[in-house]
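Colleague: Below you'll find entry.cif; it's mmCIF, C-alpha atoms and all ligand atoms.
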```cif
data_final
#
loop_
_atom_site.label_atom_id
_atom_site.label_comp_id
_atom_site.auth_asym_id
_atom_site.auth_seq_id
_atom_site.Cartn_x
_atom_site.Cartn_y
_atom_site.Cartn_z
CA MET A 33 0.00 0.00 0.00
CA HIS A 34 1.24 3.47 -0.78
CA LEU A 35 -0.41 6.48 0.72
CA PHE A 36 1.18 9.73 0.02
CA TYR A 37 0.80 13.24 1.09
CA LEU A 38 1.27 16.12 -1.31
CA PRO A 39 2.82 19.06 0.50
CA ALA A 40 1.57 22.54 -0.25
CA ALA A 41 4.06 24.77 -2.02
CA SER A 42 4.65 26.68 1.20
CA GLN A 43 5.46 23.54 3.15
CA ASN A 44 8.78 22.02 3.83
CA VAL A 45 9.64 19.18 1.49
CA LYS A 46 12.07 17.75 3.99
CA ASN A 47 9.10 16.77 6.12
CA PHE A 48 7.48 14.90 3.24
CA ASN A 49 8.07 11.47 4.78
CA LYS A 50 6.63 12.65 8.09
CA HIS A 51 3.45 13.78 6.36
CA ALA A 52 3.22 10.59 4.35
CA LEU A 53 3.73 8.45 7.44
CA VAL A 54 1.07 10.30 9.40
CA ASP A 55 -1.46 9.90 6.59
CA LEU A 56 -0.61 6.23 6.26
CA ILE A 57 -1.46 5.84 9.94
CA ARG A 58 -4.53 8.10 9.84
CA PHE A 59 -6.28 6.31 7.02
CA ALA A 60 -5.34 2.81 8.05
CA GLY A 61 -8.17 2.90 10.58
CA ARG A 62 -6.85 0.19 12.87
CA GLY A 63 -3.31 1.39 13.36
CA VAL A 64 -0.20 0.30 11.49
CA ALA A 65 2.69 -1.85 12.70
CA ARG A 66 6.18 -0.35 12.54
CA THR A 67 7.38 -3.16 10.30
CA ASP A 68 4.71 -2.38 7.69
CA ILE A 69 5.54 1.32 7.55
CA ALA A 70 9.07 0.93 6.14
CA GLN A 71 7.73 -1.33 3.45
CA GLU A 72 4.74 0.86 2.56
CA LEU A 73 6.76 4.04 2.32
CA GLY A 74 9.84 2.47 0.75
CA LEU A 75 12.08 3.76 3.56
CA THR A 76 14.75 2.07 5.62
CA ARG A 77 13.79 0.89 9.09
CA ALA A 78 16.36 3.25 10.57
CA SER A 79 14.83 6.35 8.97
CA VAL A 80 11.33 5.21 9.87
CA THR A 81 12.41 4.85 13.50
CA ILE A 82 13.75 8.41 13.54
CA ILE A 83 10.52 9.81 12.07
CA ILE A 84 8.31 7.76 14.40
CA ASN A 85 10.26 8.77 17.50
CA ASN A 86 10.01 12.38 16.47
CA LEU A 87 6.24 12.14 15.90
CA ILE A 88 5.73 10.35 19.21
CA GLU A 89 7.79 13.01 21.01
CA SER A 90 5.66 15.74 19.47
CA GLY A 91 2.56 13.91 20.65
CA ILE A 92 1.07 13.50 17.17
CA ILE A 93 1.10 9.71 17.13
CA LEU A 94 1.21 7.07 19.86
CA GLU A 95 1.80 3.38 20.32
CA THR A 96 -1.27 1.36 21.12
CA GLU A 97 -2.60 -2.19 21.01
CA SER A 98 -4.10 -3.22 17.71
CA ARG A 99 -7.88 -3.24 17.64
CA SER A 100 -7.87 -6.12 15.17
CA THR A 101 -9.86 -9.13 16.35
CA ARG A 102 -7.19 -11.75 15.73
CA SER A 103 -6.69 -14.05 18.71
CA GLY A 104 -3.60 -13.99 20.87
CA ARG A 105 -1.77 -11.01 22.27
CA PRO A 106 -2.69 -7.92 20.23
CA PRO A 107 0.33 -6.48 18.40
CA VAL A 108 1.53 -2.97 19.16
CA VAL A 109 0.64 -0.54 16.38
CA LEU A 110 0.99 3.16 15.74
CA ASP A 111 -2.07 5.35 15.69
CA ILE A 112 -2.92 9.04 15.70
CA ASN A 113 -3.01 10.48 19.19
CA PRO A 114 -6.64 11.61 19.32
CA LYS A 115 -5.75 13.94 22.18
CA ALA A 116 -3.10 15.77 20.16
CA GLY A 117 -5.63 18.48 19.49
CA LEU A 118 -9.18 19.49 18.65
CA ALA A 119 -10.81 20.61 15.44
CA ALA A 120 -14.29 21.78 14.49
CA ALA A 121 -16.54 21.38 11.48
CA ILE A 122 -19.28 23.74 10.37
CA ASP A 123 -21.78 22.73 7.71
CA MET A 124 -23.82 25.68 6.47
CA GLY A 125 -26.70 24.41 4.39
CA ALA A 126 -29.43 26.40 2.67
CA THR A 127 -31.74 25.82 5.63
CA HIS A 128 -29.67 24.07 8.31
CA LEU A 129 -26.51 24.74 10.29
CA SER A 130 -24.54 21.82 11.77
CA VAL A 131 -21.54 22.27 14.02
CA ALA A 132 -19.30 19.57 15.45
CA LEU A 133 -16.29 19.33 17.70
CA GLY A 134 -13.87 16.49 17.04
CA ASP A 135 -10.53 15.10 18.12
CA PHE A 136 -7.51 14.46 15.88
CA SER A 137 -8.93 11.06 14.89
CA ALA A 138 -11.88 13.02 13.43
CA HIS A 139 -14.14 11.40 16.02
CA ILE A 140 -17.09 13.64 16.82
CA LEU A 141 -17.20 14.66 20.48
CA GLU A 142 -20.08 17.15 20.38
CA GLU A 143 -22.54 18.02 17.67
CA MET A 144 -25.55 20.26 17.13
CA GLU A 145 -27.92 21.21 14.33
CA GLN A 146 -30.26 24.17 14.06
CA PRO A 147 -32.45 25.84 11.44
CA PHE A 148 -30.59 28.40 9.36
CA ARG A 149 -30.99 30.63 6.32
CA ILE A 150 -27.92 30.97 4.12
CA ALA A 151 -29.86 33.66 2.23
CA ASP A 152 -29.51 35.96 5.27
CA GLY A 153 -26.02 36.80 3.97
CA PRO A 154 -22.51 36.54 5.36
CA ASP A 155 -22.68 38.95 8.31
CA ARG A 156 -25.62 37.28 9.96
CA CYS A 157 -24.72 33.71 8.96
CA LEU A 158 -21.10 33.93 10.13
CA GLU A 159 -22.24 35.49 13.40
CA GLU A 160 -24.75 32.66 13.90
CA SER A 161 -22.12 30.04 13.08
CA TYR A 162 -19.72 31.63 15.54
CA ARG A 163 -22.37 31.56 18.25
CA ALA A 164 -23.21 27.91 17.49
CA LEU A 165 -19.53 26.94 17.54
CA ARG A 166 -19.03 28.66 20.89
CA SER A 167 -22.03 26.89 22.40
CA VAL A 168 -20.72 23.50 21.22
CA LEU A 169 -17.32 24.30 22.74
CA GLU A 170 -18.90 25.48 25.99
CA LYS A 171 -20.43 22.03 26.51
CA ARG A 172 -16.86 20.85 27.10
CA GLY A 173 -15.69 23.98 28.86
CA LEU A 174 -13.63 24.99 25.81
CA GLN A 175 -13.01 28.15 23.81
CA ILE A 176 -12.14 28.91 20.18
CA LYS A 177 -8.46 29.19 21.12
CA ASP A 178 -8.48 25.51 22.12
CA LEU A 179 -9.07 24.50 18.48
CA SER A 180 -6.34 23.80 15.92
CA ALA A 181 -8.40 24.22 12.75
CA VAL A 182 -11.95 24.56 11.45
CA GLY A 183 -13.49 22.96 8.35
CA LEU A 184 -16.27 25.09 6.84
CA SER A 185 -18.74 23.88 4.23
CA VAL A 186 -20.95 26.19 2.18
CA PRO A 187 -23.66 25.37 -0.40
CA GLY A 188 -22.08 27.26 -3.30
CA PRO A 189 -19.20 27.23 -5.80
CA VAL A 190 -16.04 27.85 -3.76
CA ILE A 191 -12.98 29.45 -5.31
CA THR A 192 -10.37 27.66 -3.23
CA ASP A 193 -7.46 30.04 -3.92
CA THR A 194 -9.29 33.08 -2.63
CA GLY A 195 -11.47 31.42 0.02
CA THR A 196 -14.61 32.92 -1.47
CA VAL A 197 -17.71 31.84 -3.37
CA MET A 198 -18.44 33.27 -6.81
CA ALA A 199 -21.96 34.08 -8.03
CA PRO A 200 -23.48 31.43 -5.76
CA PRO A 201 -27.07 30.78 -6.92
CA ILE A 202 -28.56 30.09 -3.47
CA MET A 203 -26.27 32.35 -1.41
CA PRO A 204 -27.40 35.92 -2.13
CA GLY A 205 -25.01 38.51 -0.70
CA TRP A 206 -22.06 36.10 -0.49
CA ASP A 207 -20.53 36.77 -3.93
CA ARG A 208 -16.74 37.18 -3.41
CA PHE A 209 -17.17 37.85 0.31
CA PRO A 210 -13.80 36.93 1.91
CA ILE A 211 -15.17 34.02 3.95
CA ARG A 212 -11.92 32.28 4.80
CA ALA A 213 -9.91 35.43 5.48
CA THR A 214 -12.65 36.89 7.70
CA LEU A 215 -12.88 33.79 9.87
CA GLU A 216 -9.13 33.19 10.06
CA ASN A 217 -8.70 36.78 11.12
CA LEU A 218 -11.43 36.52 13.72
CA TRP A 219 -10.50 33.11 15.12
CA GLU A 220 -6.73 33.13 14.53
CA LEU A 221 -7.01 29.60 13.19
CA PRO A 222 -6.62 27.94 9.80
CA VAL A 223 -10.02 27.52 8.14
CA ALA A 224 -10.49 24.90 5.40
CA LEU A 225 -13.29 26.12 3.13
CA ASN A 226 -15.01 23.96 0.55
CA ASN A 227 -18.46 23.25 -0.80
CA ASP A 228 -20.92 20.72 0.60
CA ALA A 229 -20.56 18.20 -2.21
CA ASN A 230 -16.74 18.11 -2.07
CA PHE A 231 -16.74 17.66 1.69
CA GLY A 232 -19.51 15.06 1.34
CA ALA A 233 -17.33 13.13 -1.09
CA LEU A 234 -14.41 13.32 1.33
CA GLY A 235 -16.52 12.18 4.31
CA GLU A 236 -17.92 9.19 2.42
CA TRP A 237 -14.48 8.34 1.02
CA VAL A 238 -12.80 8.24 4.42
CA TYR A 239 -15.59 6.89 6.63
CA GLY A 240 -18.58 5.97 4.47
CA ALA A 241 -19.74 4.21 1.33
CA GLY A 242 -16.69 5.14 -0.73
CA ARG A 243 -13.93 3.78 1.49
CA GLY A 244 -10.91 2.72 -0.50
CA GLU A 245 -12.35 3.65 -3.90
CA LYS A 246 -10.04 5.26 -6.44
CA ASN A 247 -12.70 7.21 -8.35
CA LEU A 248 -16.02 8.18 -6.87
CA ALA A 249 -18.78 10.70 -7.34
CA PHE A 250 -20.87 11.97 -4.46
CA ILE A 251 -24.15 13.49 -5.57
CA LYS A 252 -25.54 15.81 -2.94
CA VAL A 253 -29.28 16.19 -3.27
CA GLY A 254 -30.43 18.87 -0.87
CA SER A 255 -32.30 22.05 -1.69
CA GLY A 256 -29.88 22.18 -4.62
CA ILE A 257 -27.89 19.45 -6.34
CA GLY A 258 -24.10 19.25 -6.61
CA ALA A 259 -21.43 16.63 -7.16
CA GLY A 260 -18.15 16.07 -5.35
CA LEU A 261 -15.62 14.09 -7.35
CA ILE A 262 -12.72 12.08 -6.04
CA ILE A 263 -10.49 11.16 -8.97
CA ASN A 264 -7.34 9.17 -8.44
CA ARG A 265 -7.98 9.42 -4.69
CA GLN A 266 -7.93 13.21 -4.63
CA ILE A 267 -10.73 15.73 -4.51
CA PHE A 268 -11.10 17.01 -8.06
CA GLY A 269 -11.77 20.73 -7.81
CA GLY A 270 -10.98 21.69 -11.39
CA THR A 271 -9.15 24.94 -12.11
CA THR A 272 -10.78 27.14 -9.48
CA GLY A 273 -12.42 24.57 -7.21
CA SER A 274 -15.87 24.68 -8.73
CA ALA A 275 -15.90 21.36 -10.60
CA GLY A 276 -18.92 19.13 -10.10
CA GLU A 277 -21.78 21.63 -10.50
CA ILE A 278 -23.98 18.91 -11.90
CA GLY A 279 -27.14 20.65 -10.63
CA HIS A 280 -26.78 23.24 -13.37
CA LEU A 281 -26.49 20.86 -16.29
CA THR A 282 -29.26 21.75 -18.70
CA ILE A 283 -31.87 19.02 -18.92
CA ASP A 284 -34.35 21.03 -21.01
CA GLU A 285 -33.52 24.48 -22.36
CA ASN A 286 -37.18 25.48 -22.05
CA GLY A 287 -37.63 23.98 -18.60
CA PRO A 288 -38.44 25.76 -15.31
CA LEU A 289 -36.39 28.76 -14.19
CA CYS A 290 -33.42 27.80 -12.01
CA SER A 291 -31.87 29.67 -9.07
CA CYS A 292 -28.82 30.30 -11.30
CA GLY A 293 -30.89 32.32 -13.77
CA ASN A 294 -30.91 29.71 -16.54
CA ARG A 295 -33.82 27.54 -17.55
CA GLY A 296 -34.23 23.82 -17.22
CA CYS A 297 -31.25 22.94 -15.02
CA LEU A 298 -31.29 19.56 -13.27
CA GLU A 299 -31.73 21.36 -9.93
CA ALA A 300 -34.89 23.10 -11.16
CA PHE A 301 -36.38 19.69 -12.02
CA ALA A 302 -35.12 17.48 -9.23
CA GLY A 303 -33.66 19.39 -6.26
CA GLY A 304 -35.32 19.60 -2.86
CA HIS A 305 -36.81 22.98 -3.67
CA ALA A 306 -38.26 21.65 -6.94
CA ILE A 307 -39.74 18.67 -5.07
CA GLU A 308 -41.42 21.03 -2.60
CA LEU A 309 -42.87 23.15 -5.42
CA GLN A 310 -44.30 20.04 -7.07
CA ALA A 311 -45.82 18.93 -3.77
CA GLN A 312 -47.46 22.34 -3.36
CA LYS A 313 -48.95 22.13 -6.82
CA LEU A 314 -50.19 18.64 -6.09
CA ILE A 315 -52.00 19.75 -2.94
CA GLU A 316 -53.45 22.78 -4.68
CA SER A 317 -54.72 20.57 -7.50
CA GLY A 318 -57.04 18.90 -4.98
CA LYS A 319 -55.91 15.37 -5.89
CA ARG A 320 -56.17 12.69 -3.22
CA THR A 321 -52.86 12.61 -1.35
CA LEU A 322 -51.61 12.23 2.19
CA LEU A 323 -49.78 15.50 1.62
CA SER A 324 -53.08 17.35 1.99
CA GLU A 325 -52.55 16.95 5.75
CA SER A 326 -49.51 19.26 5.50
CA ASN A 327 -49.32 23.03 5.44
CA VAL A 328 -49.20 23.77 1.74
CA LYS A 329 -46.97 26.84 2.13
CA LYS A 330 -44.43 25.08 4.34
CA ILE A 331 -44.31 21.63 2.81
CA THR A 332 -40.87 20.00 3.11
CA VAL A 333 -39.05 17.22 1.28
CA ARG A 334 -39.21 15.19 4.48
CA GLU A 335 -43.01 15.31 4.41
CA VAL A 336 -43.01 14.24 0.76
CA ALA A 337 -40.68 11.37 1.63
CA GLU A 338 -42.77 10.36 4.63
CA ALA A 339 -45.97 10.33 2.55
CA ALA A 340 -44.19 8.28 -0.12
CA ARG A 341 -43.01 5.78 2.49
CA ARG A 342 -46.58 5.46 3.74
CA GLY A 343 -47.58 4.43 0.23
CA ASP A 344 -48.86 7.71 -1.17
CA LEU A 345 -48.67 7.22 -4.92
CA ALA A 346 -48.64 10.92 -5.81
CA ALA A 347 -45.70 11.57 -3.46
CA GLN A 348 -43.89 8.51 -4.82
CA GLU A 349 -44.40 9.84 -8.33
CA ILE A 350 -42.73 13.17 -7.44
CA LEU A 351 -39.66 11.40 -6.04
CA HIS A 352 -39.58 8.96 -8.93
CA ARG A 353 -39.52 11.83 -11.40
CA SER A 354 -36.77 13.55 -9.43
CA GLY A 355 -34.73 10.31 -9.44
CA THR A 356 -35.24 9.92 -13.17
CA PHE A 357 -33.88 13.40 -13.90
CA ILE A 358 -30.94 12.88 -11.53
CA GLY A 359 -30.32 9.55 -13.29
CA ILE A 360 -30.04 11.30 -16.66
CA ALA A 361 -27.32 13.60 -15.31
CA VAL A 362 -25.58 10.79 -13.41
CA ALA A 363 -25.54 8.64 -16.57
CA GLY A 364 -23.66 11.44 -18.32
CA LEU A 365 -21.30 11.82 -15.40
CA ILE A 366 -20.57 8.08 -15.45
CA ASN A 367 -19.76 8.25 -19.17
CA LEU A 368 -17.46 11.17 -18.50
CA VAL A 369 -15.63 10.11 -15.34
CA ASN A 370 -16.02 6.30 -15.19
CA PRO A 371 -16.24 6.10 -11.36
CA SER A 372 -16.48 2.81 -9.44
CA VAL A 373 -19.13 4.17 -7.11
CA VAL A 374 -21.73 6.91 -7.21
CA ILE A 375 -22.98 7.84 -3.76
CA ILE A 376 -26.32 9.63 -3.49
CA GLY A 377 -26.30 11.81 -0.37
CA GLY A 378 -27.85 14.92 1.14
CA GLY A 379 -31.18 15.36 2.88
CA VAL A 380 -33.36 14.26 -0.05
CA ALA A 381 -31.37 11.04 -0.47
CA GLU A 382 -32.58 9.89 2.92
CA VAL A 383 -35.70 8.65 1.14
CA GLY A 384 -33.41 5.82 -0.05
CA GLU A 385 -34.67 3.42 -2.71
CA LEU A 386 -37.54 5.68 -3.76
CA LEU A 387 -34.89 7.96 -5.23
CA THR A 388 -32.02 5.56 -6.02
CA ALA A 389 -34.10 2.93 -7.85
CA PRO A 390 -35.07 5.28 -10.72
CA ILE A 391 -31.48 6.63 -10.81
CA ARG A 392 -30.13 3.07 -11.25
CA LYS A 393 -32.73 2.32 -13.91
CA VAL A 394 -31.90 5.39 -15.99
CA VAL A 395 -28.16 4.82 -15.60
CA ARG A 396 -28.60 1.24 -16.89
CA GLU A 397 -30.52 2.58 -19.86
CA ARG A 398 -28.36 5.56 -20.72
CA SER A 399 -24.73 5.00 -19.67
CA LEU A 400 -22.35 3.29 -22.02
CA ARG A 401 -21.95 -0.30 -20.97
CA ALA A 402 -18.15 0.11 -20.69
CA ALA A 403 -18.56 2.51 -17.76
CA GLU A 404 -21.92 1.34 -16.47
CA HIS A 405 -20.93 -2.26 -15.77
CA ALA A 406 -18.25 -1.14 -13.31
CA VAL A 407 -20.27 1.32 -11.25
CA LYS A 408 -22.18 0.79 -8.04
CA ILE A 409 -24.90 3.29 -7.13
CA THR A 410 -25.59 3.54 -3.45
CA THR A 411 -26.89 5.91 -0.78
CA ALA A 412 -24.58 7.75 1.59
CA MET A 413 -23.54 5.66 4.57
CA LEU A 414 -23.17 8.74 6.76
CA GLY A 415 -26.67 9.99 5.90
CA ARG A 416 -27.11 13.71 6.40
CA ARG A 417 -23.68 13.92 8.04
CA SER A 418 -21.43 13.16 5.03
CA THR A 419 -20.57 16.83 4.59
CA LEU A 420 -20.06 17.56 8.29
CA ILE A 421 -17.77 14.53 8.68
CA GLY A 422 -15.86 15.51 5.51
CA ALA A 423 -15.35 19.03 6.87
CA MET A 424 -14.06 17.47 10.09
CA VAL A 425 -11.66 15.21 8.15
CA GLN A 426 -10.29 18.22 6.28
CA ALA A 427 -10.03 20.27 9.48
CA THR A 428 -7.94 17.49 11.07
CA ASN A 429 -5.88 17.24 7.84
CA VAL A 430 -5.02 20.91 8.16
CA ALA A 431 -4.51 20.76 11.93
CA ILE A 432 -2.22 17.72 11.91
CA HIS A 433 -0.14 18.75 8.93
CA THR A 434 0.20 22.28 10.29
CA MET A 435 1.33 20.77 13.60
CA ILE A 436 3.99 18.72 11.78
CA GLU A 437 5.28 21.87 10.16
CA ARG A 438 4.96 23.73 13.47
CA LYS A 439 4.29 26.97 11.71
CA PRO A 440 5.03 29.67 14.24
CA ALA A 441 2.21 31.78 12.80
CA TRP A 442 -0.27 29.42 14.38
CA THR A 443 1.11 29.32 17.89
CA LYS A 444 -1.38 31.09 20.08
CA ALA A 445 1.07 33.34 21.89
CA ASP A 446 2.32 35.20 18.86
CA ALA A 447 -0.55 34.75 16.46
CA LYS A 448 -0.80 37.86 14.36
CA PRO A 449 -3.95 38.40 12.32
CA LYS A 450 -1.94 39.91 9.47
CA GLN A 451 0.01 36.73 8.96
CA LEU A 452 -3.17 34.72 9.13
CA MET A 453 -4.68 36.62 6.26
CA GLY A 454 -1.95 35.41 3.91
CA ASN A 455 -2.33 32.94 1.12
CA HIS A 456 -1.20 29.86 3.00
CA ASN A 457 -2.88 27.11 1.10
CA ASN A 458 -4.31 24.98 3.80
CA LYS A 459 -6.76 23.57 1.29
CA GLU A 460 -3.77 22.09 -0.49
CA VAL A 461 -3.47 19.50 2.22
CA VAL A 462 -4.64 16.64 0.11
CA ILE A 463 -4.33 13.01 0.86
CA SER A 464 -3.85 10.41 -1.74
CA ALA A 465 -3.87 6.66 -1.42
CA GLU A 466 -2.55 4.29 -4.01
CA GLU A 467 -4.03 1.22 -2.45
CA THR A 468 -7.21 0.53 -0.68
CA LYS A 469 -7.04 -2.32 1.77
CA THR A 470 -6.53 -0.37 4.93
CA LEU A 471 -9.09 2.26 4.05
CA GLN A 472 -11.71 -0.41 3.69
CA THR A 473 -11.09 -1.55 7.23
CA SER A 474 -11.16 1.94 8.63
CA ASN A 475 -13.32 2.19 11.69
CA SER A 476 -16.40 4.27 11.45
CA ILE A 477 -16.78 7.53 13.22
CA LYS A 478 -18.49 7.54 16.57
ZN ZN B 1 -29.19 26.34 -12.75
#
```
Could you express the structure from this file as structure tokens?
Ligand SMILES: [Zn+2]

Modeller:
Amino acid sequence: MHLFYLPAASQNVKNFNKHALVDLIRFAGRGVARTDIAQELGLTRASVTIIINNLIESGIILETESRSTRSGRPPVVLDINPKAGLAAAIDMGATHLSVALGDFSAHILEEMEQPFRIADGPDRCLEESYRALRSVLEKRGLQIKDLSAVGLSVPGPVITDTGTVMAPPIMPGWDRFPIRATLENLWELPVALNNDANFGALGEWVYGAGRGEKNLAFIKVGSGIGAGLIINRQIFGGTTGSAGEIGHLTIDENGPLCSCGNRGCLEAFAGGHAIELQAQKLIESGKRTLLSESNVKKITVREVAEAARRGDLAAQEILHRSGTFIGIAVAGLINLVNPSVVIIGGGVAEVGELLTAPIRKVVRERSLRAAEHAVKITTAMLGRRSTLIGAMVQATNVAIHTMIERKPAWTKADAKPKQLMGNHNNKEVVISAEETKTLQTSNSIK
């Protein structure tokens, strides 16, 4: 197995083996024996010993008993020291805000979710997120300064170099707002910013339905629709970070108006908002449906899903149609990218087979056999939490690799906001794995 870490341009190449070794351990899930490390990294035992001793001394890794279930005395393995530090994840959705506190193993220690409106704009939303983060920390008697990094997910096209979103369809007021710089300045911490679909892909890849896969697509079906792509075991952001905007593929040029201003995008046919609009129309039409019990103005996807589960044919039809449209786009994506797994996640995907069955059917009909025969279509294993967990994974990536570099800018005592505003590329902390065995055995998040 070869896992390797790609250092950011600003980072010290001489620490490359340290970074690679730490990632090898992190994504092995059950710890790695010393003897395996030299082999995996192609290093001599002597140099591995020096690196390991150094990492143990700095408290980043520790020796522990293997959690494998083989009989006999458990072998001693190396694992991440979960107590080496704390990180936080914030998932800003269109209508929900989730915040979590985690240790360096990306295990969630505290978590909360509350209603939210991304359309309220950056000032109010960032203030609310800050308040939510503080209340999560307070449960453990902690403060912001006790964190090493924060992962922040937003429901819009992120420009990773600048830490902003550009012309985000469902985030009015956020266009080019300096999200990352503002928070890093305020919190004096590295902030890893990405969009919900990319973090969802990362979460499912490390701890969910995509463990160990080389190429995967995560389709986030929430109020909007987006895709996160992992290609060759790396998040594929494209040139500016906005790859995967599958929700704005045109399905019908004369179709309904989309939040992006175009007509007939996939999102306008099949996203959560589109599902709710169809449910409203259904109720108003006076047809027999369980949905008539709901408040027509406030109908939610969850209510549509619940009615469908209870056997309501009209509700099932809405979800079936949504799945069919998503299937058309996914079939194209499969032809283009040839992934081994497509994971359907986000709030709407919680309806499960009602949505995935039509997607599978359309993919069978429309994808080229060469790509279609190799792909598995499944629902997210982490449910609504794929994105939050992915943001936590990336926050711990940044925290641990920053700790290895021991950048003085991040030590609390002499943290200077000016330095924090710089263009350090914490989003460049990318993990790549050449082989998959250990990832498949990785333990799931608590
Ligand atoms: Zn659109």

Colleague: If the limit is 7 Å from any atom of ligand ZN 1 (chain B), counting only C-alpha atoms and all ligand atoms, which residues qualify? Return them as a PDB file with C-alpha atoms, in the frame of the given file.

Modeller:
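Written output follows (out.pdb):
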```
ATOM      1  CA  GLY A 279     -27.140  20.650 -10.630  1.00  0.00           C
ATOM      2  CA  HIS A 280     -26.780  23.240 -13.370  1.00  0.00           C
ATOM      3  CA  CYS A 290     -33.420  27.800 -12.010  1.00  0.00           C
ATOM      4  CA  SER A 291     -31.870  29.670  -9.070  1.00  0.00           C
ATOM      5  CA  CYS A 292     -28.820  30.300 -11.300  1.00  0.00           C
ATOM      6  CA  GLY A 293     -30.890  32.320 -13.770  1.00  0.00           C
ATOM      7  CA  ASN A 294     -30.910  29.710 -16.540  1.00  0.00           C
ATOM      8  CA  ARG A 295     -33.820  27.540 -17.550  1.00  0.00           C
ATOM      9  CA  CYS A 297     -31.250  22.940 -15.020  1.00  0.00           C
ATOM     10  CA  GLU A 299     -31.730  21.360  -9.930  1.00  0.00           C
ATOM     11  CA  ALA A 300     -34.890  23.100 -11.160  1.00  0.00           C
TER      12      ALA A 300
END
```

Colleague: Extract, using all atoms listed in the file, all DNA, RNA and protein residues at most 12 Å from segment 197-200 of chain A, discarding same-chain residues fewer than 4 positions from it, and format them as an MDAnalysis selection string.

Modeller: chainID A and resid 126 150:151 153:154 185:193 204:212 225:227 256 272:274 277 280 291:293

Colleague: Using all atoms listed in the file, what residues lie at most 9 Å away from (2.8, -3.6, 19.8) (file coordinates), given as a list of chain:residue names?

Modeller: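 Checked against the point, the hits come out as A:Ala65, A:Arg66, A:Glu95, A:Thr96, A:Glu97, A:Ser98, A:Pro106, A:Pro107, A:Val108, A:Val109, A:Leu110.
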
Colleague: What is the atom CA of Thr332 of chain A to atom CA of Lys408 of chain A distance in Å?

Modeller: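 Straight-line distance from atom CA of Thr332 of chain A to atom CA of Lys408 of chain A works out to 29.0 Å.
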
Colleague: Between atom CA of Glu89 of chain A and atom CA of Val223 of chain A, what distance in Å does the model show, to one decimal?

Modeller: 26.3 Å

Colleague: To one decimal place in Å, what is the distance between atom CA of Gly240 of chain A and atom CA of Leu261 of chain A?

Modeller: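 One can read the atom CA of Gly240 of chain A to atom CA of Leu261 of chain A distance as 14.6 Å.
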
Colleague: Find the residue from A:Val64, A:Met124, A:Ala224, A:Val80 that sits nearest to Ala431 of chain A; use all atoms listed in the file when measuring.

Modeller: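 Closest to Ala431 of chain A of all the choices is A:Ala224.
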
Colleague: Give me the residues within 8 Å of Ile391 of chain A as a PyMOL selection string, counting only C-alpha atoms and dropping any in the same chain fewer than 3 places off.

Modeller: chain A and resi 355-360+362+387-388+394-395

Colleague: Which is closer to Val182 of chain A than all the others in A:Ala120, A:Ser130, A:Glu316, A:Gly254, using only C-alpha atoms?

Modeller: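 Nearest to Val182 of chain A: A:Ala120.
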
Colleague: Kindly reconstruct segment 251-258 of chain A with N, CA, C and O atoms and present the result as a compact mmCIF listing (two decimals), in the frame of the given file.

Modeller:
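Done, and the output landed in result.txt:
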```
# COMPACT_ATOMS: atom_id res chain seq x y z
N ILE A 251 -23.13 12.58 -5.08
CA ILE A 251 -24.15 13.49 -5.57
C ILE A 251 -24.95 13.97 -4.37
O ILE A 251 -25.61 13.18 -3.70
N LYS A 252 -24.83 15.26 -4.09
CA LYS A 252 -25.54 15.81 -2.94
C LYS A 252 -26.89 16.35 -3.40
O LYS A 252 -26.95 17.29 -4.18
N VAL A 253 -27.94 15.73 -2.92
CA VAL A 253 -29.28 16.19 -3.27
C VAL A 253 -29.91 16.81 -2.02
O VAL A 253 -30.38 16.11 -1.13
N GLY A 254 -29.80 18.12 -1.95
CA GLY A 254 -30.43 18.87 -0.87
C GLY A 254 -31.43 19.81 -1.51
O GLY A 254 -32.08 19.45 -2.49
N SER A 255 -31.47 21.04 -1.01
CA SER A 255 -32.30 22.05 -1.69
C SER A 255 -31.82 22.19 -3.11
O SER A 255 -32.60 22.30 -4.05
N GLY A 256 -30.49 22.19 -3.29
CA GLY A 256 -29.88 22.18 -4.62
C GLY A 256 -29.25 20.82 -4.88
O GLY A 256 -29.39 19.90 -4.07
N ILE A 257 -28.57 20.71 -6.01
CA ILE A 257 -27.89 19.45 -6.34
C ILE A 257 -26.46 19.79 -6.77
O ILE A 257 -26.24 20.70 -7.57
N GLY A 258 -25.50 19.05 -6.22
CA GLY A 258 -24.10 19.25 -6.61
C GLY A 258 -23.38 17.92 -6.57
O GLY A 258 -23.88 16.96 -5.97
```
